[in-house]
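Student: As input, take upload-v1.cif (mmCIF, C-alpha atoms):
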```cif
data_run
#
loop_
_atom_site.label_atom_id
_atom_site.label_comp_id
_atom_site.auth_asym_id
_atom_site.auth_seq_id
_atom_site.Cartn_x
_atom_site.Cartn_y
_atom_site.Cartn_z
CA MET A 1 65.24 92.97 43.29
CA PRO A 2 68.25 92.88 40.94
CA ARG A 3 68.29 90.09 38.39
CA THR A 4 71.42 88.01 38.30
CA ASP A 5 72.55 85.99 35.27
CA THR A 6 75.51 83.68 34.78
CA ARG A 7 77.68 86.51 33.47
CA ASP A 8 77.13 88.54 36.65
CA TYR A 9 78.00 85.55 38.85
CA LEU A 10 81.16 84.94 36.83
CA GLN A 11 82.16 88.62 37.05
CA LEU A 12 81.63 88.67 40.80
CA HIS A 13 83.66 85.49 41.31
CA LEU A 14 86.49 86.90 39.17
CA VAL A 15 86.54 90.02 41.35
CA VAL A 16 86.72 87.92 44.52
CA LEU A 17 89.39 85.72 42.93
CA ALA A 18 91.47 88.85 42.23
CA TRP A 19 91.11 89.93 45.86
CA GLY A 20 92.10 86.43 47.01
CA LEU A 21 95.30 86.79 44.98
CA THR A 22 96.54 89.84 46.91
CA ALA A 23 98.16 87.94 49.82
CA ILE A 24 100.08 85.79 47.33
CA LEU A 25 101.30 88.83 45.40
CA GLY A 26 102.33 90.39 48.72
CA LYS A 27 104.75 87.50 49.24
CA LEU A 28 106.00 87.51 45.62
CA ILE A 29 106.85 91.22 45.67
CA LEU A 30 110.33 91.66 47.18
CA LEU A 31 109.54 94.87 49.03
CA SER A 32 108.59 95.67 52.61
CA PRO A 33 104.81 95.61 53.34
CA VAL A 34 104.64 99.40 53.61
CA ASP A 35 106.45 99.84 50.28
CA VAL A 36 104.07 97.37 48.64
CA VAL A 37 101.17 99.52 49.82
CA LEU A 38 102.90 102.74 48.71
CA TRP A 39 103.42 101.55 45.13
CA ARG A 40 100.01 99.85 45.00
CA THR A 41 98.10 102.93 46.13
CA LEU A 42 100.14 105.34 43.98
CA LEU A 43 99.44 103.36 40.80
CA ALA A 44 95.81 102.73 41.83
CA THR A 45 95.26 106.45 42.43
CA LEU A 46 96.57 107.24 38.95
CA GLY A 47 94.35 104.49 37.53
CA PHE A 48 91.21 105.86 39.17
CA VAL A 49 92.05 109.43 38.06
CA VAL A 50 92.39 108.26 34.45
CA ILE A 51 89.09 106.35 34.63
CA THR A 52 87.34 109.37 36.18
CA ARG A 53 88.53 111.56 33.31
CA LEU A 54 87.59 109.01 30.64
CA LEU A 55 84.08 108.67 32.09
CA GLY A 56 83.66 112.44 32.09
CA HIS A 57 83.40 112.95 35.86
CA ARG A 58 85.01 115.71 37.88
CA LEU A 59 87.39 115.18 40.77
CA SER A 60 86.51 118.50 42.38
CA ILE A 61 84.28 117.93 45.43
CA SER A 62 83.69 119.76 48.69
CA ILE A 63 86.55 119.92 51.18
CA ARG A 64 84.45 118.15 53.80
CA THR A 65 83.60 115.26 51.45
CA ALA A 66 87.19 114.99 50.26
CA ALA A 67 88.49 114.90 53.85
CA ALA A 68 86.00 112.13 54.72
CA MET A 69 87.07 110.03 51.72
CA LEU A 70 90.74 110.57 52.49
CA GLY A 71 90.11 109.52 56.10
CA VAL A 72 88.44 106.30 55.01
CA GLY A 73 91.36 105.73 52.64
CA ILE A 74 93.77 106.04 55.57
CA LEU A 75 91.90 103.18 57.28
CA LEU A 76 92.27 101.16 54.08
CA GLY A 77 96.00 101.87 53.95
CA LEU A 78 96.49 100.69 57.54
CA HIS A 79 94.48 97.56 56.76
CA TRP A 80 96.69 96.75 53.77
CA ILE A 81 99.95 97.36 55.63
CA LEU A 82 98.91 94.96 58.39
CA PHE A 83 97.56 92.49 55.80
CA PHE A 84 100.84 92.23 53.88
CA TRP A 85 102.84 92.25 57.11
CA SER A 86 100.80 89.27 58.32
CA ALA A 87 101.54 87.35 55.13
CA ARG A 88 105.26 87.91 55.73
CA LEU A 89 105.12 86.93 59.41
CA ALA A 90 103.16 83.74 58.72
CA THR A 91 101.82 82.37 55.43
CA ALA A 92 99.29 83.58 52.89
CA SER A 93 96.86 80.93 54.16
CA VAL A 94 97.15 82.06 57.80
CA CYS A 95 96.73 85.68 56.71
CA LEU A 96 93.58 84.91 54.69
CA ALA A 97 92.03 82.68 57.37
CA ALA A 98 91.54 85.63 59.71
CA MET A 99 89.99 87.98 57.16
CA PRO A 100 86.38 86.63 57.36
CA THR A 101 86.32 87.82 60.98
CA ALA A 102 85.92 91.30 59.48
CA MET A 103 82.24 90.49 59.13
CA LEU A 104 82.03 89.90 62.89
CA TRP A 105 83.85 93.16 63.61
CA CYS A 106 81.45 94.96 61.25
CA THR A 107 78.44 93.72 63.20
CA LEU A 108 80.00 94.95 66.45
CA ILE A 109 81.27 98.27 65.09
CA GLU A 110 78.31 99.36 62.93
CA PRO A 111 75.83 99.87 65.83
CA LEU A 112 78.39 102.09 67.58
CA ILE A 113 78.73 104.28 64.47
CA ASP A 114 75.14 104.06 63.21
CA GLY A 115 72.81 104.75 66.12
CA THR A 116 69.79 103.39 64.21
CA ARG A 117 71.08 99.81 64.30
CA ARG A 118 71.28 97.47 67.30
CA TRP A 119 73.27 94.35 68.02
CA ARG A 120 71.45 91.15 67.11
CA LEU A 121 71.35 87.95 69.12
CA SER A 122 72.29 85.91 66.04
CA GLU A 123 75.44 88.00 65.55
CA LEU A 124 76.51 87.46 69.16
CA VAL A 125 75.96 83.70 68.78
CA VAL A 126 78.00 83.69 65.58
CA GLY A 127 80.68 85.74 67.34
CA MET A 128 81.06 83.16 70.12
CA ILE A 129 81.38 80.32 67.58
CA MET A 130 83.91 82.31 65.55
CA VAL A 131 85.98 83.02 68.68
CA GLY A 132 86.13 79.26 69.24
CA ALA A 133 87.32 78.71 65.67
CA VAL A 134 89.99 81.39 66.07
CA TRP A 135 91.16 79.73 69.30
CA LEU A 136 91.39 76.42 67.41
CA ILE A 137 93.73 77.98 64.82
CA TYR A 138 95.90 79.46 67.59
CA GLU A 139 95.97 76.06 69.32
CA PHE A 140 97.15 74.12 66.25
CA GLU A 141 99.30 76.79 64.56
CA PHE A 142 100.75 78.65 67.55
CA ARG A 143 104.04 79.11 65.68
CA TYR A 144 102.18 81.65 63.54
CA TRP A 145 100.43 83.39 66.44
CA LEU A 146 101.98 86.79 65.65
CA GLY A 147 101.09 86.68 61.95
CA PHE A 148 97.55 85.53 62.72
CA SER A 149 97.13 88.26 65.36
CA VAL A 150 98.31 90.93 62.92
CA SER A 151 95.84 89.58 60.35
CA ILE A 152 93.00 89.85 62.88
CA ALA A 153 94.04 93.48 63.52
CA SER A 154 93.98 93.98 59.75
CA ALA A 155 90.43 92.59 59.67
CA VAL A 156 89.39 95.13 62.33
CA PHE A 157 90.63 97.99 60.14
CA ALA A 158 88.87 96.39 57.17
CA ALA A 159 85.63 96.43 59.18
CA PHE A 160 86.03 100.14 59.98
CA PHE A 161 86.81 100.81 56.31
CA ALA A 162 83.75 98.87 55.12
CA THR A 163 81.44 100.56 57.64
CA PHE A 164 82.48 104.11 56.71
CA SER A 165 82.90 103.34 52.99
CA LYS A 166 79.34 102.00 52.84
CA GLN A 167 78.07 105.47 53.69
CA GLN A 168 80.21 107.08 51.01
CA VAL A 169 79.23 104.66 48.24
CA ALA A 170 75.58 105.47 48.99
CA GLY A 171 76.30 109.16 48.29
CA ALA A 172 76.20 111.11 45.07
CA ALA A 173 79.88 110.79 44.09
CA HIS A 174 80.81 108.37 41.30
CA TRP A 175 82.68 105.25 42.36
CA SER A 176 85.77 106.27 40.37
CA VAL A 177 85.94 109.57 42.28
CA ILE A 178 85.55 107.74 45.60
CA GLY A 179 88.27 105.29 44.55
CA ALA A 180 90.66 108.12 43.61
CA TYR A 181 90.29 109.86 46.97
CA GLN A 182 90.35 106.67 49.04
CA MET A 183 93.51 105.44 47.29
CA THR A 184 95.10 108.84 47.89
CA GLY A 185 94.26 108.51 51.58
CA ALA A 186 95.74 104.99 51.66
CA PHE A 187 98.91 106.34 50.00
CA ILE A 188 99.15 109.10 52.62
CA ALA A 189 98.77 106.52 55.41
CA ALA A 190 101.60 104.38 54.00
CA LEU A 191 103.78 107.46 53.45
CA LEU A 192 103.30 108.57 57.06
CA CYS A 193 103.96 105.05 58.40
CA ARG A 194 107.13 104.46 56.40
CA PRO A 195 109.60 106.45 58.58
CA PHE A 196 108.47 104.40 61.59
CA LEU A 197 108.66 101.02 59.79
CA GLU A 198 111.58 101.53 57.40
CA GLN A 199 114.51 103.88 56.90
CA GLY A 200 113.71 107.04 54.98
CA LEU A 201 110.54 108.56 53.61
CA LEU A 202 110.55 107.39 49.99
CA PRO A 203 109.85 103.75 49.00
CA MET A 204 112.48 101.47 47.51
CA LEU A 205 112.36 100.83 43.78
CA PRO A 206 111.23 97.28 42.96
CA ASP A 207 113.24 94.97 40.75
CA ALA A 208 111.81 93.94 37.37
CA ALA A 209 109.85 90.93 38.65
CA SER A 210 108.48 92.78 41.66
CA ALA A 211 107.54 95.77 39.48
CA PHE A 212 105.46 93.45 37.27
CA TRP A 213 103.62 91.99 40.28
CA VAL A 214 103.06 95.47 41.75
CA ILE A 215 101.41 96.53 38.47
CA VAL A 216 99.20 93.42 38.57
CA LEU A 217 98.32 94.15 42.20
CA ALA A 218 97.49 97.80 41.54
CA LEU A 219 95.70 97.61 38.20
CA ILE A 220 94.09 94.14 38.24
CA CYS A 221 93.51 93.37 41.93
CA THR A 222 92.67 96.97 42.89
CA VAL A 223 91.41 99.21 40.07
CA ALA A 224 89.88 96.58 37.77
CA ALA A 225 88.47 94.54 40.67
CA TYR A 226 86.91 97.64 42.26
CA ALA A 227 85.41 98.72 38.93
CA GLY A 228 84.04 95.23 38.27
CA PHE A 229 82.60 95.03 41.77
CA MET A 230 80.82 98.39 41.54
CA ASP A 231 79.47 97.49 38.10
CA VAL A 232 78.01 94.13 39.14
CA LEU A 233 76.68 95.60 42.38
CA ARG A 234 74.03 97.41 40.33
CA ARG A 235 72.52 94.10 39.18
CA VAL A 236 73.27 91.62 41.99
CA SER A 237 71.51 91.41 45.34
CA VAL A 238 73.43 92.32 48.49
CA PHE A 239 72.85 88.77 49.78
CA THR A 240 74.59 87.27 46.72
CA VAL A 241 77.46 89.74 47.03
CA ASN A 242 78.04 88.85 50.70
CA VAL A 243 77.99 85.11 50.01
CA VAL A 244 80.40 85.27 47.07
CA TYR A 245 82.67 87.83 48.76
CA ASN A 246 83.33 85.45 51.61
CA MET A 247 84.76 82.94 49.16
CA GLU A 248 87.91 85.12 49.09
CA PRO A 249 89.84 83.10 51.71
CA VAL A 250 88.85 79.84 49.99
CA TYR A 251 90.22 81.03 46.65
CA GLY A 252 93.27 82.56 48.32
CA ILE A 253 94.20 79.47 50.34
CA LEU A 254 93.83 77.24 47.26
CA LEU A 255 95.90 79.59 45.10
CA ALA A 256 98.57 79.85 47.81
CA ALA A 257 98.87 76.07 47.95
CA LEU A 258 99.26 75.97 44.16
CA VAL A 259 101.87 78.74 44.05
CA PHE A 260 103.94 78.01 47.17
CA GLY A 261 103.35 74.27 47.54
CA GLN A 262 104.24 72.59 50.84
CA ALA A 263 105.24 75.89 52.45
CA GLU A 264 101.51 76.70 52.62
CA PHE A 265 100.35 73.32 53.93
CA MET A 266 98.91 73.67 57.43
CA SER A 267 97.78 71.22 60.10
CA GLY A 268 94.34 69.64 60.09
CA GLY A 269 93.29 71.83 63.03
CA PHE A 270 94.02 74.96 61.00
CA TYR A 271 91.78 73.84 58.14
CA ILE A 272 89.02 72.86 60.57
CA GLY A 273 89.16 76.28 62.24
CA ALA A 274 89.28 78.10 58.88
CA ALA A 275 86.40 76.00 57.56
CA ILE A 276 84.28 76.84 60.63
CA ILE A 277 84.95 80.58 60.17
CA ILE A 278 84.11 80.48 56.46
CA ALA A 279 81.04 78.28 56.97
CA ILE A 280 79.72 80.57 59.72
CA VAL A 281 80.11 83.63 57.51
CA LEU A 282 78.45 81.94 54.52
CA THR A 283 75.49 80.67 56.56
CA LEU A 284 75.01 83.81 58.68
CA PRO A 285 71.78 84.88 56.90
CA TRP A 286 70.14 81.50 57.66
CA ILE A 287 71.51 81.49 61.24
CA ARG A 288 70.07 84.97 61.77
CA ARG A 289 66.61 83.86 60.65
CA TRP A 290 66.72 80.72 62.85
CA VAL A 291 67.90 82.50 66.02
CA GLU A 292 65.54 85.45 65.68
CA LYS A 293 62.54 83.43 64.53
#
```
Render the structure in this file as structure tokens.

Tutor:
Amino acid sequence: MPRTDTRDYLQLHLVVLAWGLTAILGKLILLSPVDVVLWRTLLATLGFVVITRLLGHRLSISIRTAAAMLGVGILLGLHWILFFWSARLATASVCLAAMPTAMLWCTLIEPLIDGTRRWRLSELVVGMIMVGAVWLIYEFEFRYWLGFSVSIASAVFAAFFATFSKQQVAGAAHWSVIGAYQMTGAFIAALLCRPFLEQGLLPMLPDAASAFWVIVLALICTVAAYAGFMDVLRRVSVFTVNVVYNMEPVYGILLAALVFGQAEFMSGGFYIGAAIIIAIVLTLPWIRRWVEK
């Protein structure tokens, strides 16, 4: 069992805090959602390539493995495009509130992909409660129904990405190599989507302020956060990782309120629904033990 000290907890929370910042940066960057993803993934790919070289690893892998990593990266790119689009259609808080449902989608998707795993009664119970919480958010914040729906679709792609990526991380390739190929796949996805979402193939150049936030998004919230996560994962239990990871919407909603002020303030029903979703995700391990006891 990995031993966890205060430094590891702090590192993990900083990683999750960086991920919680992404929806806010998506609203600060004055580019279309697909262009945000294009610049983010391009810079992140370069960052991972540099790290791979510095650590002495090789980027050359089998064509089959490379294709699998690129395919998973395409799922990630679609997830990010929908994620930033949701933040533009609604608010950062609405966008983040739907993301914990990715855990529910993972539990439904994983048995279909991995034939050795079955659906659990506890997960179905949690799913029914989470559906009720989602309905509550729709009921009280119906003006943001489109943005919230797009965010839920983003969470579905995130679940597919997590399910397939889990298999790749368990392989022999170094995390920096996986990151380089996955970011390349995400870049390809955004590049292919751009002609259908915007005019032209190439992304627009950001202004000075947006360029700064894109660099923060790519290098801090993507490359550095991924590196920090993979590093701490060697010493922290999976249970701890899952609990802390699901603090992302909490950090994000609080940061959004600080940055955007009243524009991010929602109704009481929204916060009740979001709190139920987050609480369910955080307490899932205990719920699973109680239901299956």

Student: Convert the output of the PyMOL selection byres ((chain A and resi 8-24) around 10) on the shown file into explicit residues, formatted as a VMD selection string.

Tutor: chain A and resid 3 to 7 25 to 29 80 83 to 88 91 to 96 213 216 to 218 220 to 222 224 to 233 235 to 236 240 to 241 244 to 257 259 to 260

Student: Apply the PyMOL selection byres ((chain A and resi 194) around 12) to the file shown and report the selected residues as an MDAnalysis selection string.

Tutor: chainID A and resid 32:38 77:78 81 187:193 195:204

Student: Starting from the shown file, work through the PyMOL selection byres ((chain A and resi 156) around 9) and note down what comes out as a ChimeraX atom specification.

Tutor: /A:79,99,101-102,105-106,151-155,157-161

Student: From the set A:Leu258, A:Leu54, A:Val150, A:Val134, which residue has the shortest atom-to-atom contact distance to Phe270 in chain A, counting only C-alpha atoms?

Tutor: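 The shortest atom-to-atom distance to Phe270 in chain A comes from A:Val134.
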
Student: Which residue is closest to Ala279 in chain A? Choose from A:Ala133, A:Pro111, A:Leu43, A:Ser60 and count only C-alpha atoms.

Tutor: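 Of the candidates, the smallest distance to Ala279 in chain A is held by A:Ala133.
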
Student: Between CA of Ile215 in chain A and CA of Ser176 in chain A, what is the distance, to one decimal in Å?

Tutor: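 Straight-line distance from CA of Ile215 in chain A to CA of Ser176 in chain A works out to 18.5 Å.
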
Student: For CA of Thr283 in chain A and CA of Gly132 in chain A, determine how far apart the two atoms are, in Å to one decimal place.

Tutor: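 It comes out at 16.6 Å.
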
Student: Pick out the closest residue to Ile129 in chain A from this set: A:Val214, A:Phe265, A:Ala180, A:Ile277. Count all atoms listed in the file.

Tutor: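 Distance minimum relative to Ile129 in chain A lands on A:Ile277.
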